[in-house]
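> Sharing coords-v3.txt, compact mmCIF, C-alpha atoms:
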# COMPACT_ATOMS: atom_id res chain seq x y z
CA MET A 1 23.54 3.31 -22.47
CA VAL A 2 22.18 1.78 -19.29
CA LYS A 3 18.59 2.82 -18.66
CA ALA A 4 17.61 3.67 -15.11
CA GLN A 5 14.12 3.30 -13.79
CA LEU A 6 12.62 4.58 -10.57
CA ARG A 7 10.31 2.02 -9.03
CA GLY A 8 7.58 2.15 -6.45
CA GLU A 9 7.21 4.61 -3.59
CA ILE A 10 10.52 6.40 -4.14
CA ILE A 11 8.80 8.43 -6.90
CA LEU A 12 6.27 9.65 -4.34
CA GLU A 13 9.04 10.45 -1.87
CA VAL A 14 10.80 12.66 -4.43
CA PHE A 15 7.70 14.60 -5.46
CA THR A 16 5.83 14.86 -2.15
CA HIS A 17 6.47 18.31 -0.66
CA LYS A 18 7.01 18.77 3.05
CA SER A 19 3.83 20.92 3.18
CA LEU A 20 1.81 17.67 3.03
CA ARG A 21 3.41 16.47 6.27
CA PHE A 22 2.09 17.87 9.53
CA PRO A 23 4.62 19.88 11.60
CA GLY A 24 6.87 17.68 13.71
CA ALA A 25 5.89 14.51 11.85
CA PRO A 26 8.32 11.67 12.55
CA ILE A 27 10.27 10.06 9.72
CA ASN A 28 8.15 7.42 8.04
CA GLU A 29 9.81 4.24 9.29
CA ASP A 30 7.80 2.17 6.79
CA SER A 31 9.66 3.86 3.93
CA ASP A 32 13.10 2.74 2.77
CA TYR A 33 14.03 6.35 2.04
CA GLY A 34 12.38 8.55 4.69
CA ASP A 35 11.51 11.66 2.67
CA ASN A 36 12.76 13.89 -0.14
CA GLU A 37 14.92 15.96 2.20
CA ARG A 38 16.98 12.89 3.10
CA LEU A 39 17.29 11.99 -0.59
CA ALA A 40 18.36 15.57 -1.38
CA ILE A 41 21.25 15.46 1.14
CA LEU A 42 22.54 12.33 -0.58
CA GLY A 43 21.79 13.61 -4.08
CA GLN A 44 23.66 16.88 -3.53
CA LYS A 45 26.93 15.07 -2.82
CA VAL A 46 26.37 12.58 -5.66
CA LEU A 47 25.70 15.44 -8.08
CA GLU A 48 28.87 17.29 -7.04
CA THR A 49 30.90 14.09 -7.44
CA ALA A 50 29.46 13.31 -10.88
CA ILE A 51 30.16 16.82 -12.20
CA THR A 52 33.67 16.81 -10.72
CA PHE A 53 34.47 13.46 -12.36
CA THR A 54 33.14 14.69 -15.71
CA PHE A 55 35.67 17.53 -15.81
CA PHE A 56 38.39 15.38 -14.22
CA SER A 57 38.00 12.99 -17.19
CA LYS A 58 38.32 15.67 -19.89
CA ARG A 59 41.17 15.30 -22.35
CA PRO A 60 43.40 17.23 -22.67
CA MET A 61 43.51 17.44 -18.90
CA ILE A 62 42.53 20.64 -17.13
CA SER A 63 43.92 21.90 -13.83
CA ALA A 64 42.40 21.28 -10.41
CA GLU A 65 41.51 24.97 -10.23
CA ALA A 66 39.70 24.77 -13.57
CA ILE A 67 37.82 21.64 -12.48
CA THR A 68 36.60 23.42 -9.35
CA GLN A 69 35.64 26.54 -11.28
CA ARG A 70 33.64 24.65 -13.91
CA ARG A 71 31.90 22.51 -11.31
CA ASP A 72 30.79 25.61 -9.37
CA GLU A 73 29.58 27.24 -12.59
CA MET A 74 27.55 24.19 -13.48
CA LEU A 75 25.93 24.17 -10.03
CA SER A 76 24.70 27.76 -10.36
CA ASP A 77 21.07 28.56 -9.57
CA ALA A 78 20.46 29.35 -13.24
CA ASN A 79 21.68 25.94 -14.43
CA VAL A 80 19.75 24.02 -11.77
CA GLU A 81 16.61 25.94 -12.76
CA SER A 82 17.18 25.15 -16.45
CA TRP A 83 17.40 21.42 -15.64
CA ILE A 84 14.20 21.55 -13.59
CA VAL A 85 12.37 23.32 -16.40
CA GLY A 86 13.86 21.06 -19.10
CA TYR A 87 12.74 17.90 -17.31
CA LYS A 88 9.41 19.43 -16.11
CA LEU A 89 10.13 18.28 -12.56
CA ARG A 90 8.26 21.08 -10.81
CA GLU A 91 4.98 20.13 -12.50
CA LYS A 92 5.12 16.72 -10.78
CA VAL A 93 5.38 18.03 -7.21
CA ARG A 94 2.45 17.38 -4.87
CA CYS A 95 2.09 20.13 -2.29
CA SER A 96 -0.48 22.09 -0.32
CA PRO A 97 -2.02 25.11 -2.12
CA ASP A 98 -0.28 27.62 0.16
CA ALA A 99 3.14 26.17 -0.74
CA VAL A 100 2.83 26.54 -4.52
CA ALA A 101 4.47 29.99 -4.63
CA SER A 102 7.54 28.75 -2.73
CA LEU A 103 8.32 26.06 -5.31
CA THR A 104 10.00 28.59 -7.61
CA ASN A 105 12.67 29.77 -5.18
CA SER A 106 16.22 28.52 -5.65
CA GLU A 107 16.39 26.61 -2.37
CA GLU A 108 13.31 24.55 -3.21
CA GLY A 109 14.65 24.02 -6.73
CA ARG A 110 17.96 22.63 -5.49
CA LEU A 111 16.16 20.35 -3.04
CA LEU A 112 13.90 19.01 -5.82
CA PHE A 113 16.69 18.30 -8.31
CA SER A 114 19.03 16.91 -5.66
CA SER A 115 16.34 14.57 -4.32
CA PHE A 116 15.75 13.25 -7.83
CA VAL A 117 19.49 12.65 -8.30
CA GLY A 118 19.58 10.91 -4.92
CA ALA A 119 16.70 8.63 -5.92
CA VAL A 120 18.39 7.66 -9.21
CA TYR A 121 21.58 6.88 -7.26
CA VAL A 122 19.79 4.80 -4.59
CA GLN A 123 17.97 2.61 -7.11
CA ASN A 124 20.44 2.49 -10.02
CA GLY A 125 23.92 3.24 -8.71
CA MET A 126 26.68 5.72 -9.48
CA GLU A 127 27.43 4.46 -12.99
CA THR A 128 23.95 5.43 -14.20
CA VAL A 129 24.10 8.82 -12.47
CA GLN A 130 27.56 9.52 -13.91
CA ASP A 131 26.49 8.66 -17.45
CA TRP A 132 23.40 10.91 -17.17
CA ILE A 133 25.02 13.90 -15.42
CA GLY A 134 28.16 13.69 -17.55
CA LYS A 135 26.16 14.13 -20.75
CA LEU A 136 24.02 16.79 -19.09
CA VAL A 137 26.92 19.12 -18.22
CA ASP A 138 29.25 18.26 -21.14
CA PRO A 139 27.76 17.10 -24.48
CA GLU A 140 31.19 15.70 -25.43
CA TYR A 141 31.41 13.48 -22.34
CA GLU A 142 32.00 9.78 -22.98
CA SER A 143 31.51 7.40 -20.12
CA PRO A 144 34.02 4.57 -19.55
CA ALA A 145 31.29 2.14 -20.66
CA ASP A 146 30.90 4.01 -23.96
CA GLU A 147 34.64 3.93 -24.58
CA TYR A 148 34.84 0.19 -23.82
CA SER A 149 31.94 -0.53 -26.20
CA ALA A 150 33.62 1.50 -28.95
CA TYR A 151 36.85 -0.43 -28.47
CA LYS A 152 35.02 -3.76 -28.66
CA ARG A 153 33.33 -2.69 -31.89
CA PHE A 154 36.67 -1.65 -33.32
CA LYS A 155 38.21 -5.03 -32.50
CA SER A 156 35.31 -6.96 -34.01
CA GLU A 157 35.46 -4.90 -37.21
CA ASN A 158 39.24 -5.27 -37.56
CA MET A 159 39.92 -8.90 -36.70
CA GLY A 160 42.52 -9.03 -39.51
CA SER A 161 44.72 -6.45 -37.81
CA PRO A 162 47.28 -7.92 -35.38
CA THR A 163 46.91 -5.02 -32.94
CA PRO A 164 44.76 -1.90 -32.79
CA PRO A 165 46.54 1.20 -34.13
CA PRO A 166 48.13 3.42 -31.51
CA PRO A 167 46.17 6.49 -30.44
CA PRO A 168 47.31 9.85 -31.82
CA PRO A 169 49.83 11.69 -29.66
CA MET A 170 48.24 13.83 -26.97
CA GLN A 171 48.59 17.52 -27.64
CA GLN A 172 48.35 20.35 -25.18
CA PRO A 173 46.36 23.17 -26.77
CA PRO A 174 45.35 26.21 -24.72
CA MET A 175 42.79 25.52 -22.01
CA PRO A 176 39.40 25.10 -23.71
CA GLN A 177 36.74 27.64 -23.01
CA PRO A 178 33.64 26.64 -21.00
CA PRO A 179 31.09 24.82 -23.16
CA PRO A 180 28.49 26.98 -24.96
CA PRO A 181 24.98 27.30 -23.49
CA MET A 182 23.38 23.93 -23.25
CA GLY A 183 20.72 22.83 -25.67
CA PRO A 184 17.84 20.55 -24.70
CA PRO A 185 18.89 18.30 -21.80
CA PRO A 186 19.50 14.62 -22.42
CA PRO A 187 16.65 12.24 -21.60
CA LEU A 188 16.03 11.50 -17.95
CA PRO A 189 17.56 8.16 -16.91
CA VAL A 190 14.13 6.73 -16.15
CA ASN A 191 11.46 4.89 -18.06
CA ASN A 192 8.90 7.71 -17.99
CA PRO A 193 8.04 7.72 -14.26
CA LEU A 194 7.08 11.39 -14.55
CA ALA A 195 4.26 11.17 -17.07
CA PRO A 196 1.41 13.57 -16.24
CA ALA A 197 -0.83 12.25 -13.50
CA GLN A 198 -3.59 9.97 -14.71
CA PRO A 199 -6.67 8.67 -12.87
CA SER A 200 -4.80 5.37 -12.56
CA ALA A 201 -1.78 6.95 -10.84
CA ALA A 202 -0.48 5.16 -7.75
CA PHE A 203 -2.59 6.82 -5.06
CA LEU A 204 -2.60 3.81 -2.74
CA PRO A 205 0.94 4.17 -1.30
CA LEU A 206 0.57 7.96 -1.11
CA PHE A 207 -2.77 7.69 0.68
CA ASN A 208 -1.44 5.12 3.15
CA GLN A 209 1.67 7.21 3.86
CA THR A 210 -0.33 10.41 4.39
CA ALA A 211 -2.85 8.64 6.63
CA ASN A 212 -0.01 7.09 8.65
CA GLN A 213 1.63 10.49 9.13
CA ARG A 214 -1.69 11.89 10.36
CA ARG A 215 -2.23 8.89 12.63
CA LEU A 216 -5.47 7.83 10.97
CA ALA A 217 -6.75 4.26 11.03
CA VAL A 218 -7.39 2.90 7.51
CA GLU A 219 -9.17 -0.33 6.57
CA TYR A 220 -9.96 -1.87 3.18
CA PRO A 221 -12.91 -4.30 3.48
CA ALA A 222 -13.34 -6.22 0.23
CA GLN A 223 -16.07 -8.30 -1.42
CA PHE A 224 -16.06 -10.52 -4.52
CA SER A 225 -19.12 -11.10 -6.66
CA GLY A 226 -19.86 -13.00 -9.87
CA PRO A 227 -18.38 -16.17 -11.37
CA ALA A 228 -14.85 -17.11 -10.38
CA HIS A 229 -13.48 -16.57 -13.90
CA ALA A 230 -15.18 -13.22 -14.55
CA GLY A 231 -16.14 -11.72 -11.22
CA ARG A 232 -15.61 -8.23 -9.83
CA TRP A 233 -14.01 -7.00 -6.63
CA THR A 234 -15.50 -4.17 -4.59
CA VAL A 235 -13.21 -2.54 -2.01
CA GLN A 236 -14.04 0.26 0.43
CA CYS A 237 -11.55 2.69 1.95
CA VAL A 238 -12.67 3.28 5.55
CA VAL A 239 -10.92 6.01 7.53
CA ASN A 240 -11.50 6.04 11.29
CA GLY A 241 -14.67 4.01 10.72
CA ILE A 242 -16.05 6.30 7.96
CA GLU A 243 -16.24 5.22 4.32
CA LYS A 244 -14.31 7.68 2.14
CA GLY A 245 -14.09 5.81 -1.15
CA THR A 246 -15.29 2.71 -3.01
CA GLY A 247 -13.58 1.04 -5.93
CA THR A 248 -14.42 -1.86 -8.24
CA GLY A 249 -12.21 -3.79 -10.59
CA ALA A 250 -11.29 -7.11 -12.14
CA SER A 251 -8.64 -7.54 -9.44
CA LYS A 252 -8.65 -6.71 -5.75
CA GLN A 253 -5.58 -4.48 -6.19
CA LEU A 254 -7.22 -2.37 -8.90
CA ALA A 255 -10.35 -1.92 -6.79
CA LYS A 256 -8.26 -1.00 -3.75
CA GLU A 257 -6.31 1.57 -5.78
CA GLU A 258 -9.53 3.21 -7.00
CA ALA A 259 -10.92 3.33 -3.45
CA ALA A 260 -7.71 4.99 -2.21
CA ARG A 261 -7.85 7.52 -5.05
CA GLN A 262 -11.42 8.52 -4.19
CA ALA A 263 -10.56 8.73 -0.51
CA TYR A 264 -7.48 10.87 -1.18
CA TYR A 265 -9.64 13.51 -2.85
CA ALA A 266 -12.47 13.10 -0.35
CA MET A 267 -10.06 13.85 2.50
CA GLY A 268 -9.01 17.07 0.75
CA TRP A 269 -5.37 16.02 0.50
CA ALA A 270 -4.99 16.54 -3.26
CA PRO A 271 -3.60 20.02 -4.02
CA HIS A 272 -5.57 21.94 -6.62
CA TYR A 273 -3.44 24.50 -8.41
CA ASN A 274 -2.31 25.49 -11.89
CA GLY A 275 -4.88 23.25 -13.51
CA ALA A 276 -3.82 20.18 -11.56
CA ASN A 277 -5.63 16.98 -12.49
CA THR A 278 -8.77 16.11 -10.61
CA PRO A 279 -10.81 12.95 -10.92
CA GLY A 280 -13.18 12.96 -13.85
As structure tokens, what does this structure read like?

Amino acid sequence: MVKAQLRGEIILEVFTHKSLRFPGAPINEDSDYGDNERLAILGQKVLETAITFTFFSKRPMISAEAITQRRDEMLSDANVESWIVGYKLREKVRCSPDAVASLTNSEEGRLLFSSFVGAVYVQNGMETVQDWIGKLVDPEYESPADEYSAYKRFKSENMGSPTPPPPPPMQQPPMPQPPPPMGPPPPLPVNNPLAPAQPSAAFLPLFNQTANQRRLAVEYPAQFSGPAHAGRWTVQCVVNGIEKGTGTGASKQLAKEEAARQAYYAMGWAPHYNGANTPG
């Protein structure tokens, strides 16, 4: 199965709540994606398409009416909430303290899951989304790639046979009942981008984006000390002429990241709720 992986700032876009943007803030033109609301609009349509194709592909075939009915059932508030809980998406959201309570309503839940689907689609394409969502809503789903791989294995294991045996005749039993309640959801199609926040999390792009939205001037003066092969970088994060954080590290990037992390907390932008991580 193809593994998808979210890379770079799109992870921050998905999990940064609108409460961290000041009212009337323009779309961040420096971002390739804009914000999670734009990703959610895209992800909603991609999700509907993936679920529709899953039931369209079922064999024996089911009617158009049954496809529509099953798709709508799968997109119920209860199912969306079960996916959010199963993948622990809500725990990754960054928001202001006064917005925490709103995260549990169904509208916010749909926006969160849809924005994640949209991000997977943007970076990895429809094939990856279809394989993931298909197995999520129907444990018996087999993607076209899975079927092709199975056929290739069959051919390689039966080189002595002149032709593959014909498939069994298609029967038409009564319309199958909706699948039983889902068990644990399949793994997310990402290489663990949602691990709990660590002190080394990527604060630099989030800090720069937040500062840009608030029209703050940010500078990162840097100094190098010690021998060329084993020296240390020291980087300051200066906001509107005031030092807000200082980082050191073996590389300039690591020191800059640490300075941005300190400044992010110093500016009071990190939400503190439900035992959220704070710098040690």
> Choose the residue, out of A:Thr246, A:Ser251, A:Thr49, A:Gln69, that has the smallest atom-to-atom separation from Trp233 in chain A; count all atoms listed in the file.
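Smallest distance to Trp233 in chain A is found for A:Ser251.
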> What is the distance between CA of Asp72 in chain A and CA of Asp138 in chain A, in Å to one decimal?
14.0 Å
> Under the rule that all atoms listed in the file are counted, which of A:Val100, A:Val80, A:Leu216, A:Val122 is the nearest residue to Val14 in chain A?
A:Val122
> Which centre and which edge lengths, in Å to one decimal, describe the axis-aligned box that holds all listed atoms of range 84-100 of chain A after 8 Å is added on each side, as AutoDock Vina command-line options?

--center_x 6.1 --center_y 22.2 --center_z -9.5 --size_x 32.2 --size_y 26.9 --size_z 35.3
> CA of Glu107 in chain A and CA of Gln44 in chain A, how far apart in Å?
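Between CA of Gln44 in chain A and CA of Glu107 in chain A the gap works out to 12.2 Å.
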> What is the CA of Ala255 in chain A-CA of Ile242 in chain A distance in Å, reported with one decimal?
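For CA of Ala255 in chain A relative to CA of Ile242 in chain A, the distance reads 17.8 Å.
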> Compare A:Leu75, A:Val239, A:Ala64, A:Ala230 by their minimum atom-to-atom distance to Ala260 in chain A, counting only C-alpha atoms, and give me the closest one.
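Closest residue, counting only C-alpha atoms: A:Val239.
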> Which of these, A:Ala228, A:Leu111, A:Ala222, A:Val137, has the shortest distance to Arg70 in chain A once you count only C-alpha atoms?
A:Val137
> Find the residues near Ser114 in chain A: any atom within 8 Å, counting all atoms listed in the file, skip ones fewer than 3 places away on the same chain, and give them as a short mmCIF file (atom, residue, chain, number, x, y, z; two decimals) with C-alpha atoms, in the frame of the given file.

data_model
loop_
_atom_site.label_atom_id
_atom_site.label_comp_id
_atom_site.auth_asym_id
_atom_site.auth_seq_id
_atom_site.Cartn_x
_atom_site.Cartn_y
_atom_site.Cartn_z
CA LEU A 39 17.29 11.99 -0.59
CA ALA A 40 18.36 15.57 -1.38
CA ILE A 41 21.25 15.46 1.14
CA LEU A 42 22.54 12.33 -0.58
CA GLY A 43 21.79 13.61 -4.08
CA GLN A 44 23.66 16.88 -3.53
CA LEU A 47 25.70 15.44 -8.08
CA ARG A 110 17.96 22.63 -5.49
CA LEU A 111 16.16 20.35 -3.04
CA VAL A 117 19.49 12.65 -8.30
CA GLY A 118 19.58 10.91 -4.92
#
> What lies within 9 Å of range 210-212 of chain A using all atoms listed in the file, ignoring chain neighbours under 2 positions off, as a JSON list (two decimals) with C-alpha atoms, keeping the file's coordinate frame?

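Result written to out-v9.json:
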[["chain", "number", "residue", "atom", "x", "y", "z"],
["A", 20, "LEU", "CA", 1.81, 17.67, 3.03],
["A", 21, "ARG", "CA", 3.41, 16.47, 6.27],
["A", 28, "ASN", "CA", 8.15, 7.42, 8.04],
["A", 205, "PRO", "CA", 0.94, 4.17, -1.30],
["A", 206, "LEU", "CA", 0.57, 7.96, -1.11],
["A", 207, "PHE", "CA", -2.77, 7.69, 0.68],
["A", 208, "ASN", "CA", -1.44, 5.12, 3.15],
["A", 214, "ARG", "CA", -1.69, 11.89, 10.36],
["A", 215, "ARG", "CA", -2.23, 8.89, 12.63],
["A", 216, "LEU", "CA", -5.47, 7.83, 10.97],
["A", 217, "ALA", "CA", -6.75, 4.26, 11.03],
["A", 218, "VAL", "CA", -7.39, 2.90, 7.51],
["A", 239, "VAL", "CA", -10.92, 6.01, 7.53],
["A", 269, "TRP", "CA", -5.37, 16.02, 0.50]]
> Using all atoms listed in the file, which residues sit within 7 Å of Phe56 in chain A once same-chain residues fewer than 3 positions away are excluded, as a list in words?
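Counting only the stated atoms, we get Thr52, Phe53 and Ile67 of chain A.
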> Considering only C-alpha atoms, return as a VMD selection string whatever protein or nucleic-acid residues lie within 8 Å of Ala259 in chain A, sequence-local ones (same chain, fewer than 4 positions apart) excluded.
chain A and resid 235 to 237 244 to 248 255 263
> Considering all atoms listed in the file, state which residue in the set A:Thr16, A:Asp32, A:Asp131, A:Asp77 is at the smallest distance from Asn105 in chain A.
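Nearest to Asn105 in chain A: A:Asp77.
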> At a cut-off of 12 Å, using all atoms listed in the file, what residues contact Leu12 in chain A? Leave out same-chain residues fewer than 2 positions from it and give the result as an MDAnalysis selection string.
chainID A and resid 6:10 14:18 20 31 33:36 39 92:95 115:116 119 193:194 197 201:210
> For the selection you just gave me, I'd like the residues written to a file as a PDB file, in the frame of the given file, keeping C-alpha atoms.

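That gives us again-v1.pdb:
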ATOM      1  CA  LEU A   6      12.620   4.580 -10.570  1.00  0.00           C
ATOM      2  CA  ARG A   7      10.310   2.020  -9.030  1.00  0.00           C
ATOM      3  CA  GLY A   8       7.580   2.150  -6.450  1.00  0.00           C
ATOM      4  CA  GLU A   9       7.210   4.610  -3.590  1.00  0.00           C
ATOM      5  CA  ILE A  10      10.520   6.400  -4.140  1.00  0.00           C
ATOM      6  CA  VAL A  14      10.800  12.660  -4.430  1.00  0.00           C
ATOM      7  CA  PHE A  15       7.700  14.600  -5.460  1.00  0.00           C
ATOM      8  CA  THR A  16       5.830  14.860  -2.150  1.00  0.00           C
ATOM      9  CA  HIS A  17       6.470  18.310  -0.660  1.00  0.00           C
ATOM     10  CA  LYS A  18       7.010  18.770   3.050  1.00  0.00           C
ATOM     11  CA  LEU A  20       1.810  17.670   3.030  1.00  0.00           C
ATOM     12  CA  SER A  31       9.660   3.860   3.930  1.00  0.00           C
ATOM     13  CA  TYR A  33      14.030   6.350   2.040  1.00  0.00           C
ATOM     14  CA  GLY A  34      12.380   8.550   4.690  1.00  0.00           C
ATOM     15  CA  ASP A  35      11.510  11.660   2.670  1.00  0.00           C
ATOM     16  CA  ASN A  36      12.760  13.890  -0.140  1.00  0.00           C
ATOM     17  CA  LEU A  39      17.290  11.990  -0.590  1.00  0.00           C
ATOM     18  CA  LYS A  92       5.120  16.720 -10.780  1.00  0.00           C
ATOM     19  CA  VAL A  93       5.380  18.030  -7.210  1.00  0.00           C
ATOM     20  CA  ARG A  94       2.450  17.380  -4.870  1.00  0.00           C
ATOM     21  CA  CYS A  95       2.090  20.130  -2.290  1.00  0.00           C
ATOM     22  CA  SER A 115      16.340  14.570  -4.320  1.00  0.00           C
ATOM     23  CA  PHE A 116      15.750  13.250  -7.830  1.00  0.00           C
ATOM     24  CA  ALA A 119      16.700   8.630  -5.920  1.00  0.00           C
ATOM     25  CA  PRO A 193       8.040   7.720 -14.260  1.00  0.00           C
ATOM     26  CA  LEU A 194       7.080  11.390 -14.550  1.00  0.00           C
ATOM     27  CA  ALA A 197      -0.830  12.250 -13.500  1.00  0.00           C
ATOM     28  CA  ALA A 201      -1.780   6.950 -10.840  1.00  0.00           C
ATOM     29  CA  ALA A 202      -0.480   5.160  -7.750  1.00  0.00           C
ATOM     30  CA  PHE A 203      -2.590   6.820  -5.060  1.00  0.00           C
ATOM     31  CA  LEU A 204      -2.600   3.810  -2.740  1.00  0.00           C
ATOM     32  CA  PRO A 205       0.940   4.170  -1.300  1.00  0.00           C
ATOM     33  CA  LEU A 206       0.570   7.960  -1.110  1.00  0.00           C
ATOM     34  CA  PHE A 207      -2.770   7.690   0.680  1.00  0.00           C
ATOM     35  CA  ASN A 208      -1.440   5.120   3.150  1.00  0.00           C
ATOM     36  CA  GLN A 209       1.670   7.210   3.860  1.00  0.00           C
ATOM     37  CA  THR A 210      -0.330  10.410   4.390  1.00  0.00           C
TER      38      THR A 210
END
> Between A:Tyr220, A:Gly226, A:Asn124, A:Glu142, which has the minimum distance to Gln253 in chain A (counting all atoms listed in the file)?
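Under the stated criterion, the closest residue is A:Tyr220.
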